[in-house]
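These notes are about the structure you will find just below.
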Amino acid sequence: MSLASLYRYVEANKFYCVVPSGQSNGREFPAWQFAGPVPELLPPVLLALRGALRTEVHAFLVTAQDALNELAPAEVLAGAPFETRASLHPSQQRLLQLPANERQRKVLALISGPGASMAA
């Protein structure tokens, strides 16, 4: 995929990118969003996060959430833990084994639910 295509996909809320710290040019595209079912599940999540800063979007997606049994939304969308995660609790494993649309629904609920801080 070309860089121009990636930028178009970012504009269309299909993927997201971050500007590396200390740089004004260049973009980084977190690899997790290109794996497994994530490309199909991510666009509605990014649409729900529209209006948030790129850094806020990235922080939300990769930070463990209480409502997701201490998993990050990125892990839940992918249905797999981050490679750096040492082990999974059985409740986390059950959450990751849910059907993709249910996992997506849980992430979307964090954005639009009561007390949500990421709602646009």
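Numbering starts fresh at 1 for the residues of each chain in the structure tokens, the chains themselves are lettered A, B, ... in the order given, and ligands are numbered from 1 as they appear.
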
Next on the checklist: I need the alpha helix (DSSP H) residues of region 31-96 of chain A per DSSP on the backbone, written as number ranges by chain.
Outcome noted: A: 38-48, 54-62, 73-78, 90-96

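For Glu40 (chain A), the list of residues within 12 Å, based on only C-alpha atoms and with local chain neighbours fewer than 3 positions off taken out, reads Asn13, Lys14, Phe15, Gln33, Phe34, Ala35, Gly36, Pro37, Pro43, Pro44, Val45, Leu46, Leu77, Ala78, Ala100, Asn101 and Gln104 of chain A.
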
Write a file of the selected residues as a PDB file, in the first residue's frame, keeping C-alpha atoms.
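Everything below was put into part.pdb:
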ATOM      1  CA  ASN A  13     -11.464   7.059   8.935  1.00  0.00           C
ATOM      2  CA  LYS A  14     -10.328   3.572   7.922  1.00  0.00           C
ATOM      3  CA  PHE A  15      -6.953   3.764   9.702  1.00  0.00           C
ATOM      4  CA  GLN A  33      -4.684  -1.891  13.008  1.00  0.00           C
ATOM      5  CA  PHE A  34      -3.707  -3.827   9.872  1.00  0.00           C
ATOM      6  CA  ALA A  35      -4.049  -7.339  11.361  1.00  0.00           C
ATOM      7  CA  GLY A  36      -6.886  -9.820  11.514  1.00  0.00           C
ATOM      8  CA  PRO A  37     -10.403  -8.457  11.682  1.00  0.00           C
ATOM      9  CA  PRO A  43     -13.723   2.509  10.918  1.00  0.00           C
ATOM     10  CA  PRO A  44     -16.852   2.844  13.121  1.00  0.00           C
ATOM     11  CA  VAL A  45     -14.595   3.297  16.159  1.00  0.00           C
ATOM     12  CA  LEU A  46     -12.584   6.021  14.418  1.00  0.00           C
ATOM     13  CA  LEU A  77     -10.723  -5.199  18.466  1.00  0.00           C
ATOM     14  CA  ALA A  78      -7.943  -7.539  17.322  1.00  0.00           C
ATOM     15  CA  ALA A 100     -15.750  -9.652  16.398  1.00  0.00           C
ATOM     16  CA  ASN A 101     -18.960  -7.589  16.283  1.00  0.00           C
ATOM     17  CA  GLN A 104     -16.426  -3.880  18.529  1.00  0.00           C
TER      18      GLN A 104
END

Checklist entry - Any idea what's packed within 12 Å of region 7-10 of chain A, counting only C-alpha atoms, ignoring anything in its chain fewer than 4 positions away? Could you give it as an MDAnalysis selection string? => result chainID A and resid 1:3 14:18 26:29 33:34 39 42:43 46:47 50 54

Any idea what's packed within 12 Å of Ala80 (chain A), counting only C-alpha atoms, ignoring anything in its chain fewer than 2 positions away? Could you give it as a PDB file with N, CA, C and O atoms, in the first residue's frame?
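In the end it all went to out-v9.pdb:
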ATOM      1  N   TRP A  32      -0.901  -2.796  14.654  1.00  0.00           N
ATOM      2  CA  TRP A  32      -2.017  -3.637  15.103  1.00  0.00           C
ATOM      3  C   TRP A  32      -3.276  -3.414  14.278  1.00  0.00           C
ATOM      4  O   TRP A  32      -4.088  -4.322  14.122  1.00  0.00           O
ATOM      5  N   GLN A  33      -3.444  -2.206  13.719  1.00  0.00           N
ATOM      6  CA  GLN A  33      -4.684  -1.891  13.008  1.00  0.00           C
ATOM      7  C   GLN A  33      -4.786  -2.558  11.638  1.00  0.00           C
ATOM      8  O   GLN A  33      -5.842  -2.534  11.009  1.00  0.00           O
ATOM      9  N   ALA A  35      -4.007  -5.882  11.164  1.00  0.00           N
ATOM     10  CA  ALA A  35      -4.049  -7.339  11.361  1.00  0.00           C
ATOM     11  C   ALA A  35      -5.457  -7.854  11.619  1.00  0.00           C
ATOM     12  O   ALA A  35      -6.299  -7.157  12.191  1.00  0.00           O
ATOM     13  N   GLY A  36      -5.653  -9.099  11.199  1.00  0.00           N
ATOM     14  CA  GLY A  36      -6.886  -9.820  11.514  1.00  0.00           C
ATOM     15  C   GLY A  36      -8.150  -9.089  11.124  1.00  0.00           C
ATOM     16  O   GLY A  36      -8.210  -8.488  10.057  1.00  0.00           O
ATOM     17  N   PRO A  37      -9.122  -9.076  12.026  1.00  0.00           N
ATOM     18  CA  PRO A  37     -10.403  -8.457  11.682  1.00  0.00           C
ATOM     19  C   PRO A  37     -10.409  -6.936  11.873  1.00  0.00           C
ATOM     20  O   PRO A  37     -11.400  -6.282  11.571  1.00  0.00           O
ATOM     21  N   VAL A  38      -9.314  -6.371  12.353  1.00  0.00           N
ATOM     22  CA  VAL A  38      -9.309  -4.958  12.734  1.00  0.00           C
ATOM     23  C   VAL A  38      -9.672  -4.012  11.585  1.00  0.00           C
ATOM     24  O   VAL A  38     -10.447  -3.073  11.799  1.00  0.00           O
ATOM     25  N   LEU A  71      -7.859  -4.753  29.442  1.00  0.00           N
ATOM     26  CA  LEU A  71      -7.328  -4.877  28.086  1.00  0.00           C
ATOM     27  C   LEU A  71      -7.466  -3.527  27.396  1.00  0.00           C
ATOM     28  O   LEU A  71      -8.343  -2.724  27.745  1.00  0.00           O
ATOM     29  N   ALA A  72      -6.638  -3.271  26.421  1.00  0.00           N
ATOM     30  CA  ALA A  72      -6.747  -2.052  25.621  1.00  0.00           C
ATOM     31  C   ALA A  72      -7.774  -2.274  24.513  1.00  0.00           C
ATOM     32  O   ALA A  72      -7.936  -3.398  24.032  1.00  0.00           O
ATOM     33  N   PRO A  73      -8.475  -1.218  24.097  1.00  0.00           N
ATOM     34  CA  PRO A  73      -9.408  -1.364  22.988  1.00  0.00           C
ATOM     35  C   PRO A  73      -8.774  -1.994  21.743  1.00  0.00           C
ATOM     36  O   PRO A  73      -9.422  -2.788  21.056  1.00  0.00           O
ATOM     37  N   ALA A  74      -7.520  -1.705  21.475  1.00  0.00           N
ATOM     38  CA  ALA A  74      -6.834  -2.312  20.326  1.00  0.00           C
ATOM     39  C   ALA A  74      -6.778  -3.826  20.464  1.00  0.00           C
ATOM     40  O   ALA A  74      -6.993  -4.556  19.490  1.00  0.00           O
ATOM     41  N   GLU A  75      -6.507  -4.313  21.660  1.00  0.00           N
ATOM     42  CA  GLU A  75      -6.457  -5.760  21.889  1.00  0.00           C
ATOM     43  C   GLU A  75      -7.836  -6.387  21.695  1.00  0.00           C
ATOM     44  O   GLU A  75      -7.961  -7.463  21.101  1.00  0.00           O
ATOM     45  N   VAL A  76      -8.844  -5.702  22.196  1.00  0.00           N
ATOM     46  CA  VAL A  76     -10.210  -6.222  22.095  1.00  0.00           C
ATOM     47  C   VAL A  76     -10.646  -6.267  20.628  1.00  0.00           C
ATOM     48  O   VAL A  76     -11.210  -7.262  20.172  1.00  0.00           O
ATOM     49  N   LEU A  77     -10.364  -5.202  19.880  1.00  0.00           N
ATOM     50  CA  LEU A  77     -10.723  -5.199  18.466  1.00  0.00           C
ATOM     51  C   LEU A  77     -10.004  -6.313  17.703  1.00  0.00           C
ATOM     52  O   LEU A  77     -10.595  -6.982  16.859  1.00  0.00           O
ATOM     53  N   ALA A  78      -8.736  -6.520  18.014  1.00  0.00           N
ATOM     54  CA  ALA A  78      -7.943  -7.539  17.322  1.00  0.00           C
ATOM     55  C   ALA A  78      -8.284  -8.953  17.781  1.00  0.00           C
ATOM     56  O   ALA A  78      -8.016  -9.918  17.071  1.00  0.00           O
ATOM     57  N   PHE A  82      -1.612  -7.758  23.141  1.00  0.00           N
ATOM     58  CA  PHE A  82      -0.363  -7.193  22.640  1.00  0.00           C
ATOM     59  C   PHE A  82       0.756  -8.200  22.886  1.00  0.00           C
ATOM     60  O   PHE A  82       0.719  -8.956  23.867  1.00  0.00           O
ATOM     61  N   GLU A  83       1.748  -8.207  22.026  1.00  0.00           N
ATOM     62  CA  GLU A  83       2.875  -9.129  22.172  1.00  0.00           C
ATOM     63  C   GLU A  83       3.608  -8.928  23.485  1.00  0.00           C
ATOM     64  O   GLU A  83       4.228  -9.857  23.997  1.00  0.00           O
ATOM     65  N   THR A  84       3.543  -7.731  24.033  1.00  0.00           N
ATOM     66  CA  THR A  84       4.259  -7.429  25.274  1.00  0.00           C
ATOM     67  C   THR A  84       3.510  -7.874  26.530  1.00  0.00           C
ATOM     68  O   THR A  84       4.064  -7.809  27.619  1.00  0.00           O
ATOM     69  N   ARG A  85       2.280  -8.341  26.378  1.00  0.00           N
ATOM     70  CA  ARG A  85       1.498  -8.771  27.536  1.00  0.00           C
ATOM     71  C   ARG A  85       1.999 -10.137  27.988  1.00  0.00           C
ATOM     72  O   ARG A  85       2.037 -11.085  27.219  1.00  0.00           O
ATOM     73  N   SER A  87       0.788 -12.344  30.363  1.00  0.00           N
ATOM     74  CA  SER A  87      -0.205 -13.413  30.518  1.00  0.00           C
ATOM     75  C   SER A  87      -1.604 -12.816  30.492  1.00  0.00           C
ATOM     76  O   SER A  87      -1.779 -11.616  30.642  1.00  0.00           O
ATOM     77  N   LEU A  88      -2.581 -13.692  30.324  1.00  0.00           N
ATOM     78  CA  LEU A  88      -3.977 -13.277  30.314  1.00  0.00           C
ATOM     79  C   LEU A  88      -4.726 -13.960  31.442  1.00  0.00           C
ATOM     80  O   LEU A  88      -4.512 -15.142  31.714  1.00  0.00           O
ATOM     81  N   GLN A  92     -10.100 -12.155  30.688  1.00  0.00           N
ATOM     82  CA  GLN A  92      -9.589 -11.447  29.517  1.00  0.00           C
ATOM     83  C   GLN A  92      -9.636 -12.350  28.283  1.00  0.00           C
ATOM     84  O   GLN A  92     -10.024 -11.919  27.204  1.00  0.00           O
ATOM     85  N   GLN A  93      -9.254 -13.595  28.469  1.00  0.00           N
ATOM     86  CA  GLN A  93      -9.271 -14.555  27.363  1.00  0.00           C
ATOM     87  C   GLN A  93     -10.691 -14.725  26.823  1.00  0.00           C
ATOM     88  O   GLN A  93     -10.900 -14.752  25.619  1.00  0.00           O
ATOM     89  N   ARG A  94     -11.667 -14.792  27.720  1.00  0.00           N
ATOM     90  CA  ARG A  94     -13.072 -14.920  27.291  1.00  0.00           C
ATOM     91  C   ARG A  94     -13.505 -13.705  26.474  1.00  0.00           C
ATOM     92  O   ARG A  94     -14.199 -13.842  25.464  1.00  0.00           O
ATOM     93  N   LEU A  95     -13.085 -12.531  26.907  1.00  0.00           N
ATOM     94  CA  LEU A  95     -13.436 -11.308  26.182  1.00  0.00           C
ATOM     95  C   LEU A  95     -12.824 -11.322  24.779  1.00  0.00           C
ATOM     96  O   LEU A  95     -13.488 -10.985  23.797  1.00  0.00           O
ATOM     97  N   LEU A  96     -11.593 -11.744  24.663  1.00  0.00           N
ATOM     98  CA  LEU A  96     -10.927 -11.784  23.364  1.00  0.00           C
ATOM     99  C   LEU A  96     -11.516 -12.842  22.437  1.00  0.00           C
ATOM    100  O   LEU A  96     -11.364 -12.758  21.216  1.00  0.00           O
ATOM    101  N   GLN A  97     -12.202 -13.825  22.994  1.00  0.00           N
ATOM    102  CA  GLN A  97     -12.792 -14.892  22.194  1.00  0.00           C
ATOM    103  C   GLN A  97     -14.227 -14.595  21.746  1.00  0.00           C
ATOM    104  O   GLN A  97     -14.814 -15.379  21.010  1.00  0.00           O
ATOM    105  N   LEU A  98     -14.774 -13.471  22.178  1.00  0.00           N
ATOM    106  CA  LEU A  98     -16.121 -13.087  21.733  1.00  0.00           C
ATOM    107  C   LEU A  98     -16.113 -12.855  20.225  1.00  0.00           C
ATOM    108  O   LEU A  98     -15.064 -12.546  19.636  1.00  0.00           O
ATOM    109  N   ALA A 100     -16.328 -10.959  16.738  1.00  0.00           N
ATOM    110  CA  ALA A 100     -15.750  -9.652  16.398  1.00  0.00           C
ATOM    111  C   ALA A 100     -16.741  -8.509  16.586  1.00  0.00           C
ATOM    112  O   ALA A 100     -16.386  -7.463  17.139  1.00  0.00           O
ATOM    113  N   ARG A 103     -17.064  -7.633  20.249  1.00  0.00           N
ATOM    114  CA  ARG A 103     -15.878  -6.921  20.744  1.00  0.00           C
ATOM    115  C   ARG A 103     -15.920  -5.466  20.289  1.00  0.00           C
ATOM    116  O   ARG A 103     -15.635  -4.554  21.067  1.00  0.00           O
TER     117      ARG A 103
END

I need the residues in chain A that are strand (DSSP E or B) according to DSSP; give them as a PDB file with N, CA, C and O atoms, in the first residue's frame.
ATOM      1  N   VAL A  18      -0.169   8.590  13.871  1.00  0.00           N
ATOM      2  CA  VAL A  18       0.298   9.556  14.862  1.00  0.00           C
ATOM      3  C   VAL A  18       1.545  10.231  14.311  1.00  0.00           C
ATOM      4  O   VAL A  18       2.260   9.653  13.490  1.00  0.00           O
ATOM      5  N   GLU A  28       3.353   7.830  11.749  1.00  0.00           N
ATOM      6  CA  GLU A  28       3.520   6.429  12.116  1.00  0.00           C
ATOM      7  C   GLU A  28       2.142   5.794  12.134  1.00  0.00           C
ATOM      8  O   GLU A  28       1.180   6.379  12.627  1.00  0.00           O
ATOM      9  N   GLN A  65      -8.268  -0.551  29.785  1.00  0.00           N
ATOM     10  CA  GLN A  65      -9.508   0.038  30.275  1.00  0.00           C
ATOM     11  C   GLN A  65     -10.151  -0.897  31.301  1.00  0.00           C
ATOM     12  O   GLN A  65     -10.261  -2.105  31.054  1.00  0.00           O
ATOM     13  N   LEU A  71      -7.859  -4.753  29.442  1.00  0.00           N
ATOM     14  CA  LEU A  71      -7.328  -4.877  28.086  1.00  0.00           C
ATOM     15  C   LEU A  71      -7.466  -3.527  27.396  1.00  0.00           C
ATOM     16  O   LEU A  71      -8.343  -2.724  27.745  1.00  0.00           O
TER      17      LEU A  71
END

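Rounded to one decimal, CA of Gln23 (chain A) and CA of Thr55 (chain A) lie 13.4 Å from each other.
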
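Going from CA of Ser21 (chain A) over to CA of Gly51 (chain A), you cover 20.4 Å.
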